[in-house]
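Novice: Following this line is protein-v4.cif, made up of mmCIF, C-alpha atoms and all ligand atoms:
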data_data
#
loop_
_atom_site.label_atom_id
_atom_site.label_comp_id
_atom_site.auth_asym_id
_atom_site.auth_seq_id
_atom_site.Cartn_x
_atom_site.Cartn_y
_atom_site.Cartn_z
CA MET A 107 141.29 81.68 155.10
CA VAL A 108 142.95 83.24 158.14
CA ASP A 109 146.32 84.90 157.57
CA THR A 110 148.42 83.27 160.26
CA GLY A 111 151.73 84.68 159.06
CA GLU A 112 154.16 86.46 161.34
CA ASP A 113 154.22 89.36 158.86
CA ARG A 114 150.60 90.15 159.60
CA ALA A 115 151.38 90.48 163.31
CA ILE A 116 154.30 92.76 162.53
CA MET A 117 152.07 94.85 160.25
CA LEU A 118 149.36 95.14 162.92
CA ASP A 119 151.96 96.27 165.45
CA ALA A 120 153.23 98.92 163.05
CA GLU A 121 149.91 100.81 163.33
CA HIS A 122 150.11 103.45 166.04
CA ASP A 123 147.86 102.69 168.99
CA PRO A 124 147.84 105.22 171.87
CA ALA A 125 146.67 102.51 174.27
CA LEU A 126 149.92 100.58 173.81
CA ARG A 127 152.35 101.66 176.55
CA ARG A 128 154.89 98.88 176.18
CA GLU A 129 157.83 101.22 176.64
CA GLU A 130 156.53 102.10 180.10
CA PHE A 131 156.89 98.48 181.27
CA LEU A 132 159.78 96.14 182.04
CA ILE A 133 159.41 93.05 179.85
CA PRO A 134 161.27 90.05 181.31
CA PRO A 135 163.97 88.31 179.23
CA ALA A 136 162.86 85.06 177.58
CA ILE A 137 164.03 81.79 179.09
CA GLY A 138 163.98 80.00 175.75
CA GLY A 139 163.23 80.50 172.06
CA ALA A 140 164.54 82.82 169.38
CA PHE A 141 163.39 86.15 170.78
CA PRO A 142 165.24 88.03 173.52
CA LEU A 143 162.13 89.06 175.47
CA THR A 144 159.28 87.05 176.89
CA ALA A 145 155.95 87.05 175.10
CA TYR A 146 154.19 87.74 178.38
CA LEU A 147 150.56 86.65 178.28
CA ALA A 148 150.09 86.07 182.01
CA GLY A 149 149.05 89.57 183.10
CA ASN A 150 145.77 88.00 184.24
CA SER A 151 147.83 86.40 187.00
CA LEU A 152 150.58 88.92 187.72
CA GLY A 153 151.00 92.10 185.70
CA LEU A 154 154.40 93.44 184.67
CA GLN A 155 156.33 96.12 186.51
CA PRO A 156 155.90 99.68 185.24
CA ARG A 157 159.25 101.44 184.84
CA ALA A 158 158.02 104.27 187.07
CA THR A 159 157.34 102.02 190.06
CA ARG A 160 160.91 101.77 191.34
CA ALA A 161 161.37 105.53 191.57
CA GLU A 162 158.00 105.92 193.34
CA LEU A 163 159.00 103.32 195.90
CA MET A 164 162.41 104.88 196.39
CA ALA A 165 160.81 108.29 196.93
CA ASP A 166 158.69 106.87 199.74
CA LEU A 167 161.74 105.17 201.27
CA ASP A 168 163.65 108.45 201.03
CA ALA A 169 160.81 110.24 202.81
CA TRP A 170 160.96 107.70 205.63
CA GLU A 171 164.73 108.23 205.88
CA GLN A 172 164.40 112.01 205.89
CA TYR A 173 161.27 112.62 207.92
CA ALA A 174 160.73 109.51 210.06
CA VAL A 175 157.60 110.08 212.14
CA HIS A 176 157.10 113.57 210.69
CA GLY A 177 156.53 111.98 207.29
CA HIS A 178 152.90 111.36 208.20
CA LEU A 179 152.32 115.06 207.63
CA GLU A 180 155.48 116.47 206.12
CA ALA A 181 156.65 114.02 203.46
CA ASP A 182 156.25 115.30 199.89
CA ARG A 183 153.38 112.85 199.69
CA PRO A 184 152.29 112.79 203.33
CA TRP A 185 151.37 109.33 204.56
CA LEU A 186 148.28 110.33 206.53
CA PRO A 187 146.18 111.25 203.49
CA TYR A 188 148.21 109.06 201.07
CA HIS A 189 145.23 106.90 200.07
CA GLU A 190 143.11 110.01 199.36
CA GLU A 191 145.19 110.69 196.27
CA MET A 192 144.11 107.38 194.77
CA ARG A 193 140.44 107.90 195.28
CA ASP A 194 139.71 109.77 192.03
CA PRO A 195 141.65 107.54 189.63
CA ALA A 196 140.36 104.39 191.36
CA ALA A 197 136.81 105.71 191.04
CA ARG A 198 137.31 106.42 187.33
CA LEU A 199 138.64 102.90 186.84
CA VAL A 200 135.55 101.17 188.23
CA GLY A 201 132.89 103.73 187.36
CA ALA A 202 132.26 105.00 190.87
CA LEU A 203 131.97 108.21 192.79
CA PRO A 204 135.23 109.04 194.56
CA ARG A 205 133.76 108.49 198.01
CA GLU A 206 132.49 105.05 197.00
CA VAL A 207 136.01 103.59 196.69
CA VAL A 208 138.96 102.95 198.93
CA ILE A 209 142.35 101.34 198.30
CA MET A 210 143.08 99.00 201.20
CA ASN A 211 144.05 95.48 202.29
CA SER A 212 144.00 92.56 199.91
CA LEU A 213 141.12 91.08 197.98
CA THR A 214 139.93 88.28 200.25
CA VAL A 215 140.22 90.52 203.30
CA ASN A 216 138.07 93.13 201.58
CA LEU A 217 135.50 90.53 200.56
CA HIS A 218 135.26 89.49 204.20
CA LEU A 219 134.88 93.07 205.44
CA LEU A 220 132.13 93.72 202.89
CA LEU A 221 130.35 90.44 203.55
CA ALA A 222 130.37 91.29 207.25
CA THR A 223 128.10 94.19 206.33
CA PHE A 224 126.16 93.07 203.30
CA TYR A 225 125.51 89.43 204.15
CA ARG A 226 122.78 89.79 206.75
CA PRO A 227 121.22 86.37 206.98
CA THR A 228 117.94 85.56 208.69
CA ALA A 229 116.71 82.07 209.46
CA VAL A 230 114.96 81.90 206.09
CA ARG A 231 116.89 84.35 203.91
CA HIS A 232 120.38 83.05 204.54
CA ARG A 233 121.82 81.82 201.26
CA ILE A 234 124.84 83.20 199.39
CA VAL A 235 125.02 82.64 195.65
CA ILE A 236 128.38 82.18 193.95
CA GLU A 237 129.44 80.56 190.71
CA ASP A 238 130.45 76.91 191.00
CA ARG A 239 133.75 77.78 189.36
CA ALA A 240 134.44 80.63 191.76
CA PHE A 241 138.07 81.15 192.73
CA SER A 242 138.76 78.98 195.78
CA SER A 243 139.33 81.93 198.10
CA ASP A 244 135.86 83.33 197.34
CA SER A 245 134.33 79.98 198.00
CA TYR A 246 136.11 79.71 201.34
CA ALA A 247 135.11 83.28 202.19
CA VAL A 248 131.39 82.77 201.65
CA ARG A 249 131.37 79.35 203.30
CA SER A 250 133.10 80.74 206.35
CA HIS A 251 130.62 83.64 206.56
CA ALA A 252 127.70 81.25 206.45
CA ALA A 253 129.28 79.14 209.20
CA LEU A 254 130.16 82.22 211.26
CA ARG A 255 126.49 83.21 211.28
CA GLY A 256 125.37 79.74 212.32
CA HIS A 257 124.38 78.29 208.92
CA ASP A 258 125.51 75.08 207.29
CA PRO A 259 127.79 76.15 204.41
CA ASP A 260 126.81 73.10 202.37
CA THR A 261 123.23 74.30 202.13
CA ALA A 262 123.71 78.03 202.63
CA VAL A 263 126.05 78.43 199.65
CA LEU A 264 124.21 78.07 196.35
CA ARG A 265 126.60 77.36 193.48
CA LEU A 266 125.68 78.36 189.93
CA ARG A 267 126.55 75.64 187.43
CA PRO A 268 126.67 75.86 183.64
CA ARG A 269 124.32 73.56 181.71
CA PRO A 270 125.63 70.01 181.20
CA GLY A 271 128.20 70.02 178.41
CA GLU A 272 128.65 73.80 178.60
CA ASP A 273 131.52 75.73 180.13
CA VAL A 274 130.06 79.12 180.90
CA LEU A 275 126.99 80.39 182.70
CA ARG A 276 124.03 81.75 180.78
CA THR A 277 122.59 84.96 182.18
CA GLU A 278 119.03 83.65 181.85
CA ASP A 279 119.96 80.59 183.95
CA VAL A 280 121.50 82.78 186.65
CA ILE A 281 118.32 84.84 186.79
CA GLU A 282 116.12 81.77 186.83
CA THR A 283 118.07 80.38 189.80
CA LEU A 284 117.73 83.69 191.65
CA HIS A 285 113.96 83.67 191.12
CA LYS A 286 113.62 80.01 192.00
CA HIS A 287 115.30 80.55 195.38
CA ALA A 288 114.19 84.15 195.81
CA HIS A 289 112.96 83.85 199.41
CA SER A 290 116.13 82.19 200.71
CA ILE A 291 118.86 84.26 199.03
CA ALA A 292 120.48 86.95 201.16
CA THR A 293 123.50 87.82 199.00
CA VAL A 294 124.84 87.24 195.50
CA MET A 295 128.63 87.43 195.13
CA ILE A 296 130.10 86.45 191.78
CA GLY A 297 133.29 87.09 189.82
CA GLY A 298 132.71 89.84 187.24
CA VAL A 299 135.14 88.03 184.92
CA ASN A 300 135.62 84.38 185.79
CA TYR A 301 139.23 83.49 186.61
CA LEU A 302 139.08 80.12 184.86
CA THR A 303 136.89 80.54 181.81
CA GLY A 304 137.49 84.25 181.22
CA GLU A 305 133.72 84.76 180.78
CA VAL A 306 132.37 88.23 181.50
CA MET A 307 129.18 88.21 183.55
CA ASP A 308 126.30 90.52 182.71
CA MET A 309 126.82 92.56 185.85
CA PRO A 310 124.03 95.14 185.44
CA THR A 311 121.39 92.51 184.60
CA ILE A 312 122.38 90.14 187.41
CA THR A 313 122.65 93.00 189.91
CA ALA A 314 119.14 94.16 189.01
CA ALA A 315 117.81 90.59 189.28
CA GLY A 316 119.43 90.18 192.69
CA HIS A 317 117.84 93.38 193.93
CA GLU A 318 114.48 92.32 192.55
CA ILE A 319 114.47 89.31 194.87
CA GLY A 320 115.62 91.39 197.84
CA ALA A 321 119.25 90.26 197.95
CA THR A 322 122.43 92.34 198.22
CA VAL A 323 124.76 92.00 195.24
CA GLY A 324 128.54 92.18 195.26
CA TRP A 325 131.20 91.48 192.64
CA ASP A 326 134.71 90.11 192.84
CA LEU A 327 136.51 92.18 190.22
CA ALA A 328 139.94 90.54 190.45
CA HIS A 329 139.87 89.78 186.72
CA ALA A 330 137.72 92.72 185.70
CA ALA A 331 139.42 95.81 187.17
CA GLY A 332 141.71 97.33 184.57
CA ASN A 333 140.43 94.79 182.04
CA ILE A 334 136.94 95.94 181.05
CA PRO A 335 135.05 99.20 181.54
CA LEU A 336 132.99 99.07 184.74
CA HIS A 337 130.10 101.26 185.89
CA LEU A 338 129.57 100.10 189.44
CA HIS A 339 127.66 103.19 190.55
CA ASP A 340 125.26 103.21 187.61
CA TRP A 341 124.78 99.46 187.81
CA ASP A 342 123.67 100.00 191.41
CA VAL A 343 126.09 97.36 192.71
CA ASP A 344 126.03 97.14 196.51
CA PHE A 345 129.68 96.26 197.03
CA ALA A 346 132.74 95.10 195.12
CA ALA A 347 136.39 94.31 195.70
CA TRP A 348 139.40 93.78 193.48
CA CYS A 349 143.11 93.16 193.57
CA THR A 350 145.70 95.30 191.82
CA TYR A 351 148.40 92.77 190.97
CA LYS A 352 146.82 91.43 187.77
CA TYR A 353 145.80 93.88 185.03
CA LEU A 354 146.62 96.73 187.39
CA ASN A 355 150.34 95.90 187.51
CA SER A 356 150.93 96.94 191.12
CA GLY A 357 153.13 94.00 192.12
CA PRO A 358 152.75 90.68 193.93
CA GLY A 359 150.24 90.81 196.78
CA ALA A 360 149.63 94.51 196.12
CA VAL A 361 146.99 96.47 198.01
CA GLY A 362 143.42 95.93 196.75
CA GLY A 363 140.38 98.10 196.28
CA ALA A 364 136.82 98.16 197.56
CA PHE A 365 133.59 99.80 196.49
CA VAL A 366 130.45 100.52 198.49
CA HIS A 367 127.51 102.14 196.75
CA GLU A 368 126.66 105.70 197.74
CA ARG A 369 123.23 104.74 199.02
CA HIS A 370 124.86 102.69 201.80
CA LEU A 371 127.33 105.36 202.87
CA GLY A 372 126.56 106.88 206.23
CA ASP A 373 123.65 104.46 206.78
CA PRO A 374 123.54 104.06 210.58
CA ARG A 375 121.67 100.73 210.27
CA LEU A 376 124.63 99.02 208.64
CA HIS A 377 127.05 97.17 210.85
CA ARG A 378 130.65 96.72 209.93
CA LEU A 379 133.97 95.76 211.43
CA GLU A 380 135.76 98.92 212.43
CA GLY A 381 139.18 100.27 213.27
CA TRP A 382 140.68 103.69 213.71
CA TRP A 383 140.81 104.26 209.95
CA SER A 384 137.00 103.86 209.77
CA THR A 385 136.41 106.93 211.84
CA ASN A 386 136.20 110.59 210.93
CA PRO A 387 139.82 111.68 210.23
CA THR A 388 139.30 115.08 211.82
CA THR A 389 138.59 113.51 215.23
CA ARG A 390 140.66 110.33 214.80
CA PHE A 391 143.41 111.43 217.12
CA GLU A 392 141.03 112.36 219.92
CA MET A 393 141.12 108.62 220.61
CA ARG A 394 137.45 108.42 221.52
CA PRO A 395 136.19 104.99 222.50
CA GLU A 396 133.36 105.09 219.95
CA SER A 397 134.00 105.57 216.28
CA GLU A 398 132.31 108.19 214.17
CA PRO A 399 132.18 106.38 210.83
CA GLN A 400 132.95 108.34 207.70
CA ALA A 401 130.24 108.65 205.08
CA SER A 402 132.52 107.08 202.50
CA ALA A 403 133.90 103.67 201.67
CA ASP A 404 136.70 104.52 204.11
CA ALA A 405 134.28 103.54 206.87
CA TRP A 406 135.19 99.93 205.92
CA SER A 407 138.93 100.51 206.28
CA LEU A 408 140.57 99.52 209.53
CA SER A 409 144.25 100.30 209.67
CA ASN A 410 146.71 102.92 208.53
CA PRO A 411 147.76 101.91 205.02
CA PRO A 412 151.08 100.19 204.11
CA ILE A 413 152.70 103.14 202.35
CA PHE A 414 155.41 101.16 200.54
CA ALA A 415 152.72 98.96 199.02
CA MET A 416 150.57 101.93 198.04
CA GLY A 417 153.11 103.67 195.77
CA PRO A 418 152.93 100.98 193.07
CA VAL A 419 149.13 101.29 193.00
CA ARG A 420 149.41 105.05 192.56
CA THR A 421 151.85 104.58 189.68
CA SER A 422 149.58 102.07 188.01
CA LEU A 423 146.43 104.16 188.38
CA ALA A 424 148.22 107.08 186.72
CA ILE A 425 148.91 104.90 183.66
CA PHE A 426 145.29 103.75 183.47
CA ASP A 427 144.12 107.31 183.87
CA SER A 428 146.25 108.52 181.00
CA VAL A 429 145.11 105.73 178.64
CA GLY A 430 141.48 105.45 179.73
CA MET A 431 139.44 102.25 179.82
CA PRO A 432 137.55 102.79 176.53
CA ALA A 433 140.78 103.02 174.49
CA LEU A 434 142.28 100.12 176.39
CA ARG A 435 139.24 97.95 175.83
CA GLU A 436 139.26 98.76 172.13
CA ARG A 437 142.86 97.60 171.84
CA SER A 438 142.11 94.59 173.99
CA LEU A 439 139.30 93.48 171.68
CA ARG A 440 141.56 93.82 168.64
CA LEU A 441 144.28 91.76 170.31
CA THR A 442 141.98 89.01 171.54
CA GLY A 443 140.13 88.95 168.21
CA TYR A 444 143.43 88.30 166.46
CA LEU A 445 144.60 85.77 169.05
CA ARG A 446 141.28 83.95 168.81
CA GLU A 447 141.58 83.60 165.02
CA LEU A 448 145.03 82.07 165.42
CA LEU A 449 143.96 79.74 168.24
CA GLU A 450 140.97 78.57 166.21
CA THR A 451 143.42 77.59 163.48
CA VAL A 452 145.47 75.64 166.03
CA ALA A 453 142.24 74.04 167.33
CA GLU A 454 141.41 72.73 163.85
CA ARG A 455 144.46 70.47 163.93
CA SER A 456 145.07 69.76 167.59
CA SER A 457 143.31 68.72 170.77
CA ILE A 458 142.54 72.20 172.09
CA THR A 459 139.10 73.77 172.44
CA LEU A 460 138.38 77.39 173.21
CA VAL A 461 136.40 77.77 176.43
CA THR A 462 136.03 81.56 176.59
CA PRO A 463 132.95 82.90 174.77
CA ALA A 464 133.62 84.57 171.40
CA ASP A 465 130.97 87.27 171.86
CA ASP A 466 132.70 90.57 172.70
CA ASP A 467 130.22 91.25 175.52
CA ARG A 468 131.19 88.00 177.17
CA HIS A 469 134.97 88.01 177.08
CA ALA A 470 137.76 90.24 178.26
CA ALA A 471 141.53 89.97 177.68
CA GLN A 472 141.86 86.30 178.59
CA ILE A 473 141.25 83.37 176.29
CA SER A 474 141.06 80.04 178.12
CA VAL A 475 141.89 76.94 176.18
CA ARG A 476 141.09 73.35 177.21
CA ILE A 477 143.81 70.87 176.43
CA VAL A 478 143.94 67.07 176.68
CA GLU A 479 147.72 66.99 177.04
CA ASP A 480 149.22 67.75 180.45
CA ALA A 481 148.48 71.50 180.79
CA ASP A 482 151.25 71.95 183.37
CA ALA A 483 153.90 70.39 181.16
CA VAL A 484 152.80 72.26 178.02
CA THR A 485 152.81 75.59 179.87
CA GLU A 486 156.33 74.91 181.06
CA ARG A 487 157.52 73.95 177.58
CA LEU A 488 156.00 77.11 176.11
CA SER A 489 158.27 79.12 178.38
CA ASP A 490 161.37 76.90 178.21
CA ASN A 491 161.31 76.33 174.44
CA TRP A 492 159.67 79.49 173.13
CA GLY A 493 159.86 82.22 175.76
CA VAL A 494 156.06 82.36 175.84
CA VAL A 495 154.62 82.85 179.33
CA VAL A 496 151.00 81.83 179.90
CA ASP A 497 149.53 80.03 182.88
CA GLU A 498 147.54 76.93 183.59
CA ARG A 499 144.73 76.12 185.96
CA ARG A 500 144.11 72.56 186.93
CA PRO A 501 143.15 70.22 185.56
CA ASP A 502 143.11 71.11 181.87
CA ILE A 503 142.97 74.87 181.19
CA ILE A 504 145.67 77.11 179.75
CA ARG A 505 144.94 80.82 180.14
CA ILE A 506 146.37 83.18 177.53
CA ALA A 507 145.89 86.86 178.26
CA PRO A 508 147.31 89.63 176.06
CA ALA A 509 147.20 92.57 178.46
CA PRO A 510 146.69 95.49 176.08
CA LEU A 511 148.98 97.98 177.83
CA TYR A 512 152.13 96.02 177.00
CA CYS A 513 151.27 93.00 174.82
CA THR A 514 151.64 93.15 171.06
CA PHE A 515 150.09 91.30 168.14
CA HIS A 516 153.46 89.65 167.73
CA ASP A 517 153.22 88.31 171.30
CA CYS A 518 149.87 86.75 170.35
CA TRP A 519 151.40 85.27 167.22
CA ARG A 520 154.31 83.82 169.21
CA ALA A 521 151.91 82.25 171.71
CA ALA A 522 149.76 80.59 169.02
CA ASP A 523 152.78 79.53 166.98
CA ALA A 524 154.52 78.01 170.00
CA LEU A 525 151.36 76.20 171.09
CA SER A 526 151.00 74.82 167.58
CA TRP A 527 154.60 73.57 167.54
CA GLU A 528 154.20 71.92 170.94
CA LEU A 529 150.92 70.20 170.07
CA THR A 530 151.28 69.36 166.39
CA GLY A 531 155.01 69.49 165.64
CA GLU A 532 154.54 72.34 163.17
CA GLY A 533 153.98 76.08 163.39
CA ILE A 534 150.92 78.03 162.38
C1 LIG B 601 138.92 85.79 191.49
C2 LIG B 601 139.88 85.85 192.63
N1 LIG B 601 139.41 85.98 193.88
C3 LIG B 601 140.25 86.01 194.94
C4 LIG B 601 141.61 85.91 194.78
C5 LIG B 601 142.49 85.96 195.98
O1 LIG B 601 143.15 87.18 196.07
P1 LIG B 601 143.97 87.65 197.37
O2 LIG B 601 145.10 86.69 197.55
O3 LIG B 601 144.48 89.02 196.98
O4 LIG B 601 143.05 87.67 198.51
C6 LIG B 601 142.14 85.78 193.48
C7 LIG B 601 143.60 85.67 193.28
O5 LIG B 601 144.12 85.47 192.22
C8 LIG B 601 141.26 85.73 192.39
O6 LIG B 601 141.70 85.58 191.13
#
Take the structure in this file and express it as structure tokens.

Specialist:
Amino acid sequence: MVDTGEDRAIMLDAEHDPALRREEFLIPPAIGGAFPLTAYLAGNSLGLQPRATRAELMADLDAWEQYAVHGHLEADRPWLPYHEEMRDPAARLVGALPREVVIMNSLTVNLHLLLATFYRPTAVRHRIVIEDRAFSSDSYAVRSHAALRGHDPDTAVLRLRPRPGEDVLRTEDVIETLHKHAHSIATVMIGGVNYLTGEVMDMPTITAAGHEIGATVGWDLAHAAGNIPLHLHDWDVDFAAWCTYKYLNSGPGAVGGAFVHERHLGDPRLHRLEGWWSTNPTTRFEMRPESEPQASADAWSLSNPPIFAMGPVRTSLAIFDSVGMPALRERSLRLTGYLRELLETVAERSSITLVTPADDDRHAAQISVRIVEDADAVTERLSDNWGVVVDERRPDIIRIAPAPLYCTFHDCWRAADALSWELTGEGI
């Protein structure tokens, strides 16, 4: 018998957990319900603002005021090498060597820049594999690359579908598909954690299988970065990209990140789209007509970075660095384990089913729930009536994500209790 009482949540929160940094974040006031603050379980969509972010932004604005053009070199945090400072913490976050990562652009832009290099179709080997339930932007990105290189996107893009009646992909089915179409697959590009189902893909196994058939393998880590430990270098991933506005709490539309494996760095056979930030910084201002690409992921960057958008990423990376992904993941598993127990109790007496796999290897912070009622309306009522913020994805999924840095067991309890009230007319 599961203890669904509020007291248990309060007791669990009373245990000290160094991975909980709630006091470092600004929790929005609740729109409705009995509690003053929101139970914010939508960090999978947009993370909360760290308290330190405002001061970081103001410091960069002050530097602009004080130094104007001289700020490139003379600001306390000079703008010219600003992104360099983020290299080490970003590398630690995704399990990379510092020169394999760069903070730049936004996610879809980075996917395009990386596909421009790593999708090298030939007449026969021209297919790109993605999951059928890929985020729309990824789907558009790979379809447009196929079309750009003269292939029909309808046949060039191979979409991985779960078995009939199942919600998530099985690793063995992914591998079977790769082997079945081995000769025609040029690139595999999948979400490391699926945005809809919350399933975690077996990245090392699928990467190895992709390489075995001669394909390049890249990962969209929008829902994985800052959520689960990653080892991109050791997994031998070719390329990856992520955003920083979800679990990484760097603000709406914040600057993203990209990874290119060491073995591709400085490879003169690789073509890429270039700009003045791709070239060797020591000769950049000689304004030569030809670039001299850096032997780092920076070779894929194009423009001078948007400094006011970089400060929030710096602030966020410092928090992740001080907590560390192993401790964060441990807390995350405890939170989702608890939330799952409560949601299973709600499922026993309502219409919901849990879509996200229960196995710890196959889920991260998000639990996706299928609902027969109008998901949009229920999500709205959860906020209006209970101060519980989750999000929905059409047509029938509600995503509930206790981000471990700032969410509590009590937040999980509030979410399950509110859902129960809305669907059954009684609490848990
Ligand atoms: C999995 C995934 N891919 C791509 C995107 C698009 O990101 P951006 O708007 O930063 O390009 C998102 C946005 O939420 C996403 O979740």

Novice: Return as a PyMOL selection string the residues of protein, DNA or RNA that approach ligand LIG 601 (chain B) to within 9 Å, with all atoms listed in the file taken into account.

Specialist: chain A and resi 150-152+211-217+240-245+296-302+326-329+348-352+358-362

Novice: Pick from A:Pro501, A:Pro374, A:Gly443, A:Gly363: nearest to A:Asp404, with all atoms listed in the file counted?

Specialist: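 So, comparing all the options, the nearest one is A:Gly363.
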
Novice: Which value, in Å to one decimal, gives the distance between atom CA of A:Asp344 and atom CA of A:Ala292?

Specialist: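 Distance reported for this atom pair: 12.5 Å.
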
Novice: For the atom pair atom CA of A:Pro135 and atom CA of A:Pro508, what is the interatomic distance in Å to one decimal place?

Specialist: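 Value for the atom CA of A:Pro135-atom CA of A:Pro508 distance: 17.0 Å.
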
Novice: Could you state the separation of atom CA of A:Val496 and atom CA of A:Arg198 in Å, given to one decimal place?

Specialist: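 Between atom CA of A:Val496 and atom CA of A:Arg198 the gap is 29.1 Å.
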
Novice: Kindly indicate which residue among A:Leu264, A:Val429, A:Val280, A:Ile477 lies nearest to A:Ile503, using all atoms listed in the file for the distances.

Specialist: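 Ranked by minimum distance to A:Ile503, first place goes to A:Ile477.
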
Novice: In the coordinates of the file, take the point (149.9, 99.4, 199.4) and a cut-off of 8 Å; then, counting all atoms listed in the file, name each qualifying protein, DNA or RNA residue as a CSV table (one decimal) with C-alpha atoms, in the frame of the given file.

Specialist:
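What ended up in part_25.csv:
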chain,number,residue,atom,x,y,z
A,209,ILE,CA,142.4,101.3,198.3
A,210,MET,CA,143.1,99.0,201.2
A,211,ASN,CA,144.0,95.5,202.3
A,360,ALA,CA,149.6,94.5,196.1
A,361,VAL,CA,147.0,96.5,198.0
A,362,GLY,CA,143.4,95.9,196.8
A,411,PRO,CA,147.8,101.9,205.0
A,412,PRO,CA,151.1,100.2,204.1
A,413,ILE,CA,152.7,103.1,202.4
A,414,PHE,CA,155.4,101.2,200.5
A,415,ALA,CA,152.7,99.0,199.0
A,416,MET,CA,150.6,101.9,198.0
A,417,GLY,CA,153.1,103.7,195.8
A,418,PRO,CA,152.9,101.0,193.1
A,419,VAL,CA,149.1,101.3,193.0

Novice: Nearest to A:Arg114 among A:Tyr512, A:Trp527, A:Tyr444, A:Trp170, with distances taken over all atoms listed in the file: which residue is it?

Specialist: A:Tyr444

Novice: Find the residues near A:Ala405: any atom within 9 Å, counting only C-alpha atoms, skip ones fewer than 4 places away on the same chain, and give them as a ChimeraX atom specification.

Specialist: /A:371-372,378,380-381,383-386,398-401

Novice: Residues near A:Ile312, anyone? I mean within 8 Å using all atoms listed in the file, not counting same-chain ones fewer than 3 positions away, as a list in words.

Specialist: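 Once the adjacent positions are removed, what remains is Thr277, Val280, Ile281, Asp308, Met309, Ala315 and Gly316 of chain A.
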
Novice: Deliver the residues from the most recent selection as a file, using C-alpha atoms, as a tab-separated table (two decimals), in the coordinates of the input.

Specialist:
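Written output follows (again_30.tsv):
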chain	number	residue	atom	x	y	z
A	277	THR	CA	122.59	84.96	182.18
A	280	VAL	CA	121.50	82.78	186.65
A	281	ILE	CA	118.32	84.84	186.79
A	308	ASP	CA	126.30	90.52	182.71
A	309	MET	CA	126.82	92.56	185.85
A	315	ALA	CA	117.81	90.59	189.28
A	316	GLY	CA	119.43	90.18	192.69

Novice: Could you check the closest approach to A:Val323 for each of A:Met164, A:Val235, A:Met307, A:Val248 and tell me which residue wins, using only C-alpha atoms?

Specialist: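 Answer, going by the shortest atom-to-atom distance: A:Val235.
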